[in-house]
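Visitor: Contents of entry_34.csv (CSV, C-alpha atoms) are below:
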```
chain,number,residue,atom,x,y,z
A,1,LEU,CA,47.5,109.3,71.5
A,2,ALA,CA,47.3,108.7,67.7
A,3,ALA,CA,49.3,111.1,65.6
A,4,THR,CA,46.1,112.0,63.7
A,5,TYR,CA,44.7,113.5,66.9
A,6,ALA,CA,47.9,115.1,68.2
A,7,THR,CA,47.4,118.6,66.8
A,8,GLY,CA,48.3,122.0,67.9
A,9,TYR,CA,44.6,122.9,67.8
A,10,MET,CA,43.8,120.1,70.3
A,11,TYR,CA,46.8,120.7,72.5
A,12,PRO,CA,47.9,124.4,72.1
A,13,TYR,CA,50.0,124.3,75.3
A,14,CYS,CA,52.3,121.6,73.9
A,15,PRO,CA,55.2,122.7,71.7
A,16,LEU,CA,54.7,121.5,68.1
A,17,TRP,CA,58.0,119.6,68.1
A,18,ALA,CA,56.8,117.6,71.1
A,19,LEU,CA,53.6,116.7,69.2
A,20,HIS,CA,55.5,115.4,66.2
A,21,TRP,CA,55.3,111.6,65.8
A,22,GLY,CA,59.0,111.3,65.2
A,23,TYR,CA,59.6,112.6,68.7
A,24,ARG,CA,56.7,111.1,70.5
A,25,SER,CA,57.1,107.6,69.1
A,26,ASN,CA,60.6,107.2,70.6
A,27,ARG,CA,59.4,108.6,73.9
A,28,ILE,CA,56.5,106.1,73.9
A,29,LEU,CA,58.9,103.2,73.1
A,30,GLN,CA,61.3,104.2,75.9
A,31,GLU,CA,58.4,104.4,78.4
A,32,ILE,CA,57.1,101.0,77.4
A,33,MET,CA,60.5,99.3,77.7
A,34,ARG,CA,61.2,101.0,81.0
A,35,TYR,CA,58.4,99.1,82.7
A,36,ARG,CA,59.6,95.6,81.5
A,37,ALA,CA,56.1,94.3,81.2
A,38,ASP,CA,55.4,90.8,79.7
A,39,ILE,CA,52.1,91.9,78.2
A,40,ILE,CA,51.5,95.4,76.7
A,41,CYS,CA,48.1,96.8,75.7
A,42,LEU,CA,47.9,99.9,73.6
A,43,GLN,CA,44.9,102.0,72.3
A,44,GLU,CA,44.8,104.6,69.6
A,45,VAL,CA,47.5,102.9,67.5
A,46,GLN,CA,47.3,103.8,63.8
A,47,VAL,CA,47.5,101.0,61.3
A,48,ASN,CA,50.7,102.5,59.7
A,49,HIS,CA,52.3,103.0,63.1
A,50,TYR,CA,51.5,99.4,64.1
A,51,LYS,CA,53.1,98.0,61.0
A,52,GLU,CA,56.0,100.4,60.5
A,53,PHE,CA,56.9,101.3,64.1
A,54,PHE,CA,55.4,99.3,67.0
A,55,LEU,CA,55.6,95.8,65.6
A,56,PRO,CA,59.2,96.0,64.3
A,57,LYS,CA,60.6,97.9,67.2
A,58,LEU,CA,58.9,95.7,69.9
A,59,SER,CA,59.9,92.6,67.9
A,60,GLN,CA,63.5,93.6,68.4
A,61,HIS,CA,62.8,93.5,72.2
A,62,GLY,CA,61.3,90.0,72.0
A,63,PHE,CA,57.6,90.8,71.6
A,64,ASP,CA,55.0,89.5,69.2
A,65,GLY,CA,51.8,91.4,68.6
A,66,VAL,CA,48.2,91.4,67.3
A,67,PHE,CA,46.2,94.4,66.1
A,68,LYS,CA,42.6,95.3,65.3
A,69,ARG,CA,41.7,98.6,63.7
A,70,LYS,CA,38.4,100.4,64.3
A,71,THR,CA,35.7,99.7,61.8
A,72,ARG,CA,35.3,103.3,60.6
A,73,GLU,CA,37.1,105.2,57.9
A,74,SER,CA,39.4,108.1,58.8
A,75,SER,CA,38.4,111.7,58.0
A,76,ARG,CA,41.3,111.7,55.6
A,77,SER,CA,39.9,108.6,53.7
A,78,ASP,CA,43.3,106.9,54.3
A,79,VAL,CA,42.8,103.5,55.9
A,80,ASP,CA,46.4,103.5,57.2
A,81,VAL,CA,45.7,106.3,59.7
A,82,VAL,CA,42.7,104.7,61.2
A,83,ASP,CA,43.5,103.8,64.8
A,84,GLY,CA,42.9,100.6,66.8
A,85,CYS,CA,44.0,98.4,69.6
A,86,ALA,CA,47.2,96.3,69.9
A,87,ILE,CA,48.3,93.6,72.3
A,88,PHE,CA,51.9,92.6,72.5
A,89,PHE,CA,53.3,89.7,74.5
A,90,HIS,CA,56.9,88.6,75.2
A,91,ARG,CA,57.5,85.6,73.1
A,92,GLY,CA,60.0,84.1,75.6
A,93,ARG,CA,57.2,84.0,78.2
A,94,PHE,CA,54.0,83.4,76.2
A,95,ALA,CA,52.7,81.8,72.9
A,96,LEU,CA,49.6,82.9,71.1
A,97,ARG,CA,46.9,80.3,71.2
A,98,GLU,CA,43.8,82.2,70.1
A,99,LYS,CA,42.9,85.6,68.7
A,100,HIS,CA,39.3,87.0,68.6
A,101,THR,CA,38.1,90.4,67.5
A,102,VAL,CA,35.0,92.2,68.6
A,103,GLU,CA,33.3,94.7,66.2
A,104,PHE,CA,30.6,96.6,68.0
A,105,ASN,CA,29.1,97.8,64.7
A,106,ASN,CA,28.6,94.2,63.6
A,107,LEU,CA,27.1,93.2,67.0
A,108,ALA,CA,24.7,96.2,66.8
A,109,GLU,CA,23.5,95.2,63.4
A,110,MET,CA,22.9,91.6,64.7
A,111,HIS,CA,21.0,92.6,67.8
A,112,ILE,CA,19.3,96.0,67.4
A,113,GLY,CA,16.2,96.3,65.2
A,114,ASP,CA,15.4,100.0,65.8
A,115,PRO,CA,17.1,102.0,62.9
A,116,LEU,CA,17.5,105.1,65.1
A,117,MET,CA,19.0,103.2,68.0
A,118,LEU,CA,21.2,101.3,65.5
A,119,ARG,CA,22.5,104.5,64.0
A,120,ARG,CA,23.3,105.8,67.5
A,121,LEU,CA,25.4,102.6,68.2
A,122,LEU,CA,27.4,102.5,65.0
A,123,LYS,CA,30.6,104.2,66.2
A,124,GLY,CA,33.2,101.9,64.8
A,125,ASN,CA,34.8,100.9,68.2
A,126,ILE,CA,36.3,97.5,68.7
A,127,GLY,CA,37.7,95.0,71.1
A,128,LEU,CA,40.6,92.6,70.8
A,129,ILE,CA,40.9,89.3,72.7
A,130,VAL,CA,43.8,86.8,72.8
A,131,VAL,CA,44.5,83.6,74.7
A,132,LEU,CA,48.1,83.2,75.6
A,133,GLU,CA,49.8,80.1,76.9
A,134,GLU,CA,52.7,80.3,79.3
A,135,LEU,CA,56.0,78.8,78.1
A,136,GLY,CA,58.2,76.7,80.3
A,137,GLY,CA,61.8,77.7,81.1
A,138,GLN,CA,63.4,74.6,79.6
A,139,GLY,CA,63.5,74.6,75.8
A,140,HIS,CA,60.2,76.5,75.7
A,141,GLN,CA,58.2,73.4,76.6
A,142,ARG,CA,54.5,74.2,76.7
A,143,ARG,CA,52.8,74.2,80.0
A,144,ASN,CA,49.0,74.3,80.3
A,145,ARG,CA,48.6,77.6,82.2
A,146,GLN,CA,46.8,80.0,79.9
A,147,ILE,CA,45.6,83.5,80.3
A,148,CYS,CA,43.0,85.5,78.4
A,149,VAL,CA,43.9,89.2,77.7
A,150,ALA,CA,41.4,91.7,76.2
A,151,ASN,CA,41.9,95.3,75.1
A,152,THR,CA,39.3,97.9,74.1
A,153,HIS,CA,38.8,101.5,73.4
A,154,ILE,CA,35.2,102.5,74.3
A,155,TYR,CA,33.4,105.4,72.5
A,156,TRP,CA,34.6,108.8,73.8
A,157,ASP,CA,31.6,111.2,73.8
A,158,PRO,CA,30.1,112.0,77.2
A,159,ALA,CA,26.7,112.5,75.6
A,160,TYR,CA,26.6,108.8,74.7
A,161,ARG,CA,26.7,107.1,78.1
A,162,ASP,CA,24.3,104.5,76.9
A,163,VAL,CA,26.6,103.6,74.0
A,164,LYS,CA,29.6,103.2,76.4
A,165,LEU,CA,27.5,100.9,78.6
A,166,TRP,CA,26.2,98.9,75.7
A,167,GLN,CA,29.7,98.4,74.2
A,168,THR,CA,31.1,97.3,77.6
A,169,PHE,CA,28.1,94.9,78.0
A,170,MET,CA,28.7,93.4,74.6
A,171,LEU,CA,32.4,93.0,75.2
A,172,LEU,CA,31.8,91.1,78.5
A,173,HIS,CA,29.2,89.0,76.7
A,174,GLN,CA,31.8,88.1,74.1
A,175,LEU,CA,34.4,87.4,76.7
A,176,ASN,CA,31.9,85.1,78.6
A,177,THR,CA,31.4,83.2,75.4
A,178,HIS,CA,35.1,82.5,75.0
A,179,LEU,CA,35.7,81.8,78.7
A,180,GLN,CA,32.7,79.7,79.8
A,181,HIS,CA,33.6,76.2,80.8
A,182,ARG,CA,37.3,77.2,80.9
A,183,ASN,CA,39.0,77.9,84.1
A,184,ILE,CA,41.4,80.5,82.7
A,185,PRO,CA,42.2,83.9,84.2
A,186,LEU,CA,41.2,87.1,82.4
A,187,ILE,CA,43.0,90.5,82.2
A,188,LEU,CA,40.8,93.2,80.7
A,189,THR,CA,42.4,96.5,79.8
A,190,GLY,CA,41.3,99.6,78.0
A,191,ASP,CA,40.4,103.2,77.7
A,192,PHE,CA,36.8,102.9,78.8
A,193,ASN,CA,36.2,106.6,78.6
A,194,SER,CA,34.2,106.3,81.8
A,195,GLU,CA,34.9,107.7,85.3
A,196,VAL,CA,34.7,105.8,88.5
A,197,ASN,CA,31.1,107.0,89.2
A,198,SER,CA,29.9,105.9,85.7
A,199,ALA,CA,27.5,103.2,84.8
A,200,VAL,CA,30.3,101.4,83.0
A,201,TYR,CA,32.4,101.2,86.2
A,202,ASP,CA,29.4,100.1,88.2
A,203,PHE,CA,28.5,97.4,85.6
A,204,LEU,CA,32.1,96.0,85.5
A,205,SER,CA,32.5,96.1,89.3
A,206,ASN,CA,29.1,94.8,90.4
A,207,HIS,CA,28.0,92.6,87.4
A,208,ALA,CA,25.1,95.0,86.7
A,209,VAL,CA,24.3,98.7,87.0
A,210,LYS,CA,22.5,99.5,90.2
A,211,SER,CA,18.8,100.3,89.7
A,212,ASP,CA,19.1,103.7,91.2
A,213,HIS,CA,21.9,104.8,88.9
A,214,PRO,CA,20.9,107.9,86.9
A,215,ILE,CA,21.6,106.2,83.5
A,216,MET,CA,18.7,103.8,84.2
A,217,LYS,CA,16.3,106.6,83.7
A,218,ASP,CA,17.9,107.7,80.4
A,219,PRO,CA,15.5,107.1,77.5
A,220,HIS,CA,18.2,105.7,75.3
A,221,THR,CA,19.3,103.2,78.0
A,222,MET,CA,15.7,102.2,78.6
A,223,LYS,CA,15.3,101.5,74.9
A,224,LEU,CA,18.5,99.4,74.9
A,225,MET,CA,17.2,97.4,77.8
A,226,GLN,CA,14.3,96.2,75.6
A,227,TYR,CA,16.9,94.3,73.5
A,228,HIS,CA,19.2,93.3,76.4
A,229,HIS,CA,17.5,92.4,79.6
A,230,PRO,CA,18.9,91.8,82.1
A,231,MET,CA,22.0,93.8,81.3
A,232,GLU,CA,24.5,91.9,83.4
A,233,HIS,CA,27.6,89.8,83.3
A,234,HIS,CA,28.9,86.8,85.3
A,235,ILE,CA,32.7,87.3,85.2
A,236,PRO,CA,34.2,87.9,88.7
A,237,ILE,CA,36.4,90.9,87.9
A,238,ARG,CA,38.0,93.6,90.0
A,239,SER,CA,40.0,96.7,89.0
A,240,ALA,CA,43.7,96.2,89.8
A,241,TYR,CA,44.1,99.7,91.0
A,242,ALA,CA,41.0,99.5,93.2
A,243,THR,CA,42.8,96.9,95.2
A,244,PHE,CA,44.8,99.9,96.5
A,245,GLU,CA,43.1,103.0,95.2
A,246,GLU,CA,41.9,104.2,91.8
A,247,PRO,CA,44.1,107.1,90.5
A,248,LYS,CA,42.8,110.6,90.7
A,249,PHE,CA,43.3,110.8,86.9
A,250,THR,CA,44.7,108.8,84.0
A,251,ASN,CA,43.9,111.5,81.4
A,252,TYR,CA,45.3,114.9,82.1
A,253,THR,CA,44.8,117.6,79.4
A,254,GLY,CA,44.1,121.3,79.3
A,255,HIS,CA,40.4,120.6,78.7
A,256,TYR,CA,39.8,117.5,80.9
A,257,THR,CA,41.2,115.7,83.9
A,258,GLY,CA,39.8,112.3,85.1
A,259,THR,CA,40.2,108.6,85.4
A,260,LEU,CA,39.2,106.8,82.2
A,261,ASP,CA,41.6,103.8,81.9
A,262,TYR,CA,41.5,100.6,83.9
A,263,ILE,CA,43.0,97.1,84.3
A,264,TRP,CA,40.4,94.5,85.3
A,265,TYR,CA,41.2,91.0,86.3
A,266,THR,CA,39.5,87.8,87.6
A,267,HIS,CA,40.3,88.0,91.3
A,268,HIS,CA,39.6,84.3,92.0
A,269,LEU,CA,42.3,83.2,89.6
A,270,LEU,CA,44.9,86.0,89.8
A,271,LYS,CA,46.4,88.0,92.6
A,272,THR,CA,47.5,91.6,92.3
A,273,LEU,CA,51.0,92.1,93.6
A,274,GLY,CA,51.3,95.8,92.9
A,275,VAL,CA,50.5,98.7,90.6
A,276,LEU,CA,52.5,101.6,89.1
A,277,GLU,CA,52.1,104.8,91.1
A,278,MET,CA,50.7,107.6,89.0
A,279,ALA,CA,52.8,110.7,88.1
A,280,ASP,CA,52.6,113.6,90.5
A,281,GLU,CA,50.2,116.4,89.5
A,282,THR,CA,52.7,119.1,90.3
A,283,GLN,CA,55.2,117.5,88.0
A,284,LEU,CA,52.6,117.3,85.2
A,285,LYS,CA,51.8,121.0,85.5
A,286,THR,CA,55.4,121.9,84.7
A,287,TYR,CA,54.2,121.9,81.0
A,288,THR,CA,50.6,122.8,81.8
A,289,ALA,CA,49.2,119.4,80.9
A,290,LEU,CA,49.6,116.3,78.7
A,291,PRO,CA,50.9,115.6,76.2
A,292,SER,CA,54.2,117.4,76.9
A,293,PRO,CA,57.9,117.1,76.0
A,294,GLN,CA,58.1,114.8,79.1
A,295,HIS,CA,55.0,112.7,78.5
A,296,PRO,CA,54.2,111.7,74.9
A,297,SER,CA,50.5,110.9,75.4
A,298,ASP,CA,47.5,112.7,76.9
A,299,HIS,CA,47.0,109.5,79.0
A,300,LEU,CA,49.3,108.1,81.7
A,301,PRO,CA,50.4,104.5,81.6
A,302,LEU,CA,48.9,101.9,83.9
A,303,LEU,CA,50.9,98.9,85.1
A,304,ALA,CA,49.9,96.0,87.3
A,305,GLU,CA,51.8,92.9,88.4
A,306,PHE,CA,49.9,89.7,88.8
A,307,THR,CA,50.6,86.2,89.9
A,308,PHE,CA,48.5,83.0,89.2
A,309,LYS,CA,46.7,81.8,92.3
```
Translate this structure into structure tokens?
Guide:
Amino acid sequence: LAATYATGYMYPYCPLWALHWGYRSNRILQEIMRYRADIICLQEVQVNHYKEFFLPKLSQHGFDGVFKRKTRESSRSDVDVVDGCAIFFHRGRFALREKHTVEFNNLAEMHIGDPLMLRRLLKGNIGLIVVLEELGGQGHQRRNRQICVANTHIYWDPAYRDVKLWQTFMLLHQLNTHLQHRNIPLILTGDFNSEVNSAVYDFLSNHAVKSDHPIMKDPHTMKLMQYHHPMEHHIPIRSAYATFEEPKFTNYTGHYTGTLDYIWYTHHLLKTLGVLEMADETQLKTYTALPSPQHPSDHLPLLAEFTFK
């Protein structure tokens, strides 16, 4: 939850002191470090908070990071408060070999000729892709095992289901470009702003949206299909939590409760050993909803443990 969105107007049930960045930032850092992950993917990270807080603080704990801000200006016309996505990796475990950014605005301008459709797609969302190489235990000798990690934040508005699907499709298309002819595993994380019954989830799980899905009758989607047909992908991915069960919710606020966040992985190259159990709803209701003095974000953290096959 970026500080620019953490207002008393948005979250009237949360005490103002618990919305203050000075308080939340330390709670977020404590929570991140508690899980002892090797790779950390964050969304809604402001430019200034990445540079002044997350990168220096996580660097002290042995992490390097990469960041990509959204390609839209903030309402305050201050570029430093625009948010984006960050990927951190433990430098004792991995070395950065490649970094790629995905700008959906740029891809829309390249692929979409219809000016009205183009305007609908220009939302400023982005994706971030890295290729990490595993380091050996002895003197950090390089080994050949690599892993691709991607992080994204898909457009939020429920009225733009076609835009969410298009952004996800373009991200998978970009990932396919970077992964083809390379037998390296993929972990794809993000706030997809899409529930389990959505076209986005269907597309990611089944390589394409089922023909009887309601979105296929949506006029905006039908128009998009003229530019991208068939709308499908060829990366064998599965949701890490679906190996067990998708959470009832990953976002829990006073105005919305539902599952929007996922960790996807290439199941032929990685095996899921376990996932973090989600917080109990009764406990979350202690402070009405999220964010709260106990939970510094309106989203709950997801964590999965993988092993190479």
Visitor: Nearest to A:Gly84: which of A:Leu1, A:Leu121, A:Leu165, A:Leu179 is it, counting all atoms listed in the file?
Guide: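 Counting all atoms listed in the file, the residue closest to A:Gly84 is A:Leu1.
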Visitor: Which one of A:Thr282, A:Gln167, A:Asn26, A:Gln146 sits closest to A:Ser194 if you count all atoms listed in the file?
Guide: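 For A:Ser194, the nearest of the candidates is A:Gln167.
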Visitor: So which residues touch A:Pro301 within 9 Å, counting all atoms listed in the file, skipping near sequence neighbours fewer than 6 positions away, as a tab-separated table (two decimals) with C-alpha atoms, in the frame of the given file?
Guide:
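Saved to selection-v1.tsv:
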```
chain	number	residue	atom	x	y	z
A	31	GLU	CA	58.40	104.40	78.40
A	32	ILE	CA	57.10	101.00	77.40
A	250	THR	CA	44.70	108.80	84.00
A	261	ASP	CA	41.60	103.80	81.90
A	276	LEU	CA	52.50	101.60	89.10
A	278	MET	CA	50.70	107.60	89.00
```
Visitor: Enter the distance from atom CA of A:Thr221 to atom CA of A:Leu171, in Å, rounded to one decimal.
Guide: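 According to the coordinates, atom CA of A:Thr221 and atom CA of A:Leu171 are separated by 16.8 Å.
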Visitor: Can you measure atom CA of A:Arg93 to atom CA of A:Gly136 for me? One decimal in Å is fine.
Guide: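 Straight-line distance from atom CA of A:Arg93 to atom CA of A:Gly136 works out to 7.7 Å.
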Visitor: Which residue gives the smallest distance to A:Asp298 among A:His267, A:His111, A:Lys164, A:His255, with all atoms listed in the file counted?
Guide: A:His255
Visitor: Quick one: of A:Ala37, A:Val102, A:Leu118, A:Val79, who's nearest to A:Phe63, counting only C-alpha atoms?
Guide: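 Residue with the minimum atom-to-atom distance to A:Phe63: A:Ala37.
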